Amino acid sequence: MTLSFTLSDERKTEELAARLAMIARVPDIILLFGDLGAGKTAFARAFIRAWSADPNTEVPSPTFTLVQPYEAPRGPVWHFDLYRLGDPDELWELGLEQAFAEAVCLIEWPDRLGSWTPADRLEISVDLCDQDGSETGTARIARLTGFGSWRDRLAALRDGP
């Protein structure tokens, strides 16, 4: 199942992230695709704040650390940014296997996962677009594709953010 949402501003991105945080559960894997500046980190930040029920949670980009774990009442969430990853074998050192087993994982640049890509996952592709949905403006279009258990759970989002 694939759903598409036009996100006219950052508030709409935050709303979609919060709705996903409500239906997410440990150990979900959410893969964030998109070009630099497309809004992947903004989405992850909003998701983590909604998941932790704390709008003031500081959520820096893990661009240089590659991973940033967060503790929350509903369980841990790990935010990965694999842009600088040199080799998929380095994922073991980052604790990816542990995170997959016991946390919600948000992964930017998931194309670097290689054979680590799980079958049960939610893929979110974020692209710049015009308000009318064409691919040339400053709004975003988010395409959500569910695999495994996410196929059925995406039905809860059909009405949009």
# chains A, B, ... in the order shown; residues from 1 in each chain; ligands from 1
>>> residues_around(residues="range 36-44 of chain A", least_positions_apart="2", cutoff="8 Å", atoms="only C-alpha atoms", output="ChimeraX atom specification")
/A:10,13-14,17,32-34,46-48,61,79,106,108,126-128,140
>>> residues_around(residues="Arg25 in chain A", least_positions_apart="3", cutoff="10 Å", atoms="only C-alpha atoms", output="list in words")
Leu20, Ala21, Met22, Asp28, Ile29, Trp51, Arg74, Gly75, Pro76, Val77, Ala103 and Val104 of chain A
>>> select_by_dssp(residues="chain A", states="strand (DSSP E)", output="JSON, numbers by chain")
{"A": [2, 3, 4, 5, 6, 7, 29, 30, 31, 32, 33, 67, 68, 69, 70, 77, 78, 79, 80, 81, 104, 105, 106, 107, 108, 121, 122, 123, 124, 125, 126, 127, 128, 129, 139, 140, 141, 142, 143, 144, 145, 146, 147]}
>>> write_last_selection(atoms="C-alpha atoms", output="compact mmCIF listing (two decimals), in the first residue's frame")
# COMPACT_ATOMS: atom_id res chain seq x y z
CA THR A 2 1.25 3.49 -0.90
CA LEU A 3 -0.24 6.78 0.29
CA SER A 4 0.78 10.28 -0.83
CA PHE A 5 0.39 13.52 1.11
CA THR A 6 1.19 17.06 0.02
CA LEU A 7 2.83 18.86 2.93
CA ILE A 29 11.68 0.40 11.07
CA ILE A 30 10.97 3.64 9.17
CA LEU A 31 13.18 4.43 6.19
CA LEU A 32 13.40 8.08 5.07
CA PHE A 33 14.30 8.70 1.43
CA VAL A 67 23.13 7.53 15.22
CA GLN A 68 21.32 9.23 18.09
CA PRO A 69 19.28 7.12 20.54
CA TYR A 70 16.41 8.55 22.62
CA VAL A 77 13.75 5.40 19.29
CA TRP A 78 17.03 5.49 17.38
CA HIS A 79 17.64 8.08 14.66
CA PHE A 80 20.23 7.04 12.07
CA ASP A 81 21.73 9.22 9.34
CA VAL A 104 11.73 2.23 16.71
CA CYS A 105 14.34 3.07 14.06
CA LEU A 106 14.22 6.16 11.84
CA ILE A 107 16.84 5.82 9.12
CA GLU A 108 17.87 8.60 6.76
CA ARG A 121 9.29 -1.59 7.15
CA LEU A 122 7.69 1.72 6.29
CA GLU A 123 9.34 3.66 3.48
CA ILE A 124 8.78 7.41 3.31
CA SER A 125 9.99 9.31 0.28
CA VAL A 126 10.03 13.10 0.68
CA ASP A 127 10.36 15.32 -2.39
CA LEU A 128 9.98 19.04 -3.07
CA CYS A 129 6.84 19.96 -5.02
CA ALA A 139 6.13 22.28 -0.49
CA ARG A 140 6.82 18.59 -0.03
CA ILE A 141 5.11 15.45 -1.14
CA ALA A 142 5.49 12.46 1.13
CA ARG A 143 4.91 9.01 -0.32
CA LEU A 144 4.46 6.30 2.29
CA THR A 145 4.80 2.67 1.28
CA GLY A 146 4.16 -0.07 3.81
CA PHE A 147 5.75 -3.49 3.77
>>> select_by_dssp(residues="range 21-154 of chain A", states="helix (DSSP H, G or I)", output="NGL selection string")
:A and (21-23 or 40-52 or 88-94 or 96-102 or 110-116 or 150-154)
>>> atom_distance(atom1="CA of Ala50 in chain A", atom2="CA of Ile23 in chain A")
11.2 Å
>>> residues_around(residues="Gly148 in chain A", least_positions_apart="2", cutoff="10 Å", atoms="only C-alpha atoms", output="ChimeraX atom specification")
/A:118-122,146,150-153
>>> atom_distance(atom1="CA of Ala156 in chain A", atom2="CA of Glu15 in chain A")
13.9 Å
>>> atom_distance(atom1="CA of Glu71 in chain A", atom2="CA of Pro110 in chain A")
22.3 Å
